[in-house]
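Worksheet for the structure shown next.
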Amino acid sequence: MARKQNEDLLIEDELAAAFLNDDTLSVGEANASISQDSGWEESEEEFPGQLAVDVYETTDKLFVKARTAGVNKEELDVSISDGILTISGTLSSGDDTDVTNWHIQECYWGDFSRTLALPVSVKEDEVEAVLKDGVLTISFNKIKQEAAKKIQVR
């Protein structure tokens, strides 16, 4: 089951309300106050989870790594355009149609996406993406920046 939009923010607002509001408010009153003030309504619409990434470079290459355990390479979409990298896909928990009652559900299942601007210029046509042992590694050849040239002022 994927997270509902604004769920994390609502929890933060509830915590803030508990510390910032008048002590005479009950939890129910605080929740009602938050709902009225924010204008948020419960929505069944889900939003994609955000993929955590590591981005680092060596002398010649830029690397982006992401833990994608449980995702088949056929379910991954990796694209780049004008220095913007997008990784998206679907993480399936398998067949849970017979589930009648969840006791604990901490794992994220569903669509995920991550878009990021690369921190250095890369050769977009010289890229390699490898999925191994649940880790997606994308490597780019960096574009060598010419050293600044001194301009003689006359």
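FYI, nothing fancy with the structure tokens labels: chains A, B, ... in order, residues from 1 per chain, ligands from 1 as they appear.
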
### Query
Near Ile138 of chain A, within 12 Å and counting only C-alpha atoms, which residues show up once chain neighbours fewer than 5 positions away are dropped, as a PyMOL selection string?
chain A and resi 53-57+61-67+78-80+85-87+118+122+124+126-132

Written selection (C-alpha atoms) as a PDB file, in the first residue's frame:
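Heads up, here's the output in selection.pdb:
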```pdb
ATOM      1  CA  VAL A  53      20.120   8.080  -4.531  1.00  0.00           C
ATOM      2  CA  ASP A  54      23.847   8.525  -4.020  1.00  0.00           C
ATOM      3  CA  VAL A  55      25.648  10.781  -6.526  1.00  0.00           C
ATOM      4  CA  TYR A  56      29.449  10.930  -6.646  1.00  0.00           C
ATOM      5  CA  GLU A  57      32.254  11.432  -9.118  1.00  0.00           C
ATOM      6  CA  LYS A  61      33.065   9.687 -14.388  1.00  0.00           C
ATOM      7  CA  LEU A  62      29.884  10.649 -12.575  1.00  0.00           C
ATOM      8  CA  PHE A  63      27.953   7.893 -10.784  1.00  0.00           C
ATOM      9  CA  VAL A  64      24.367   7.696  -9.577  1.00  0.00           C
ATOM     10  CA  LYS A  65      23.470   4.722  -7.373  1.00  0.00           C
ATOM     11  CA  ALA A  66      20.057   3.726  -6.066  1.00  0.00           C
ATOM     12  CA  ARG A  67      18.836   0.748  -4.053  1.00  0.00           C
ATOM     13  CA  VAL A  78      15.922   5.536 -16.825  1.00  0.00           C
ATOM     14  CA  SER A  79      16.159   8.628 -19.024  1.00  0.00           C
ATOM     15  CA  ILE A  80      18.296  11.745 -19.377  1.00  0.00           C
ATOM     16  CA  LEU A  85      18.174  12.338 -14.966  1.00  0.00           C
ATOM     17  CA  THR A  86      14.882  10.562 -14.242  1.00  0.00           C
ATOM     18  CA  ILE A  87      14.609   7.107 -12.699  1.00  0.00           C
ATOM     19  CA  LEU A 118      23.287  16.254 -12.588  1.00  0.00           C
ATOM     20  CA  VAL A 122      28.244  14.612 -18.853  1.00  0.00           C
ATOM     21  CA  GLU A 124      24.637  11.906 -22.402  1.00  0.00           C
ATOM     22  CA  GLU A 126      27.984   7.656 -23.250  1.00  0.00           C
ATOM     23  CA  VAL A 127      26.040   6.238 -20.322  1.00  0.00           C
ATOM     24  CA  GLU A 128      25.840   2.800 -18.767  1.00  0.00           C
ATOM     25  CA  ALA A 129      23.094   1.555 -16.431  1.00  0.00           C
ATOM     26  CA  VAL A 130      23.574  -1.736 -14.575  1.00  0.00           C
ATOM     27  CA  LEU A 131      21.202  -3.432 -12.139  1.00  0.00           C
ATOM     28  CA  LYS A 132      23.077  -5.882  -9.924  1.00  0.00           C
TER      29      LYS A 132
END
```

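Atom pair atom CA of Glu106 of chain A / atom CA of Ser93 of chain A: separated by 11.8 Å.
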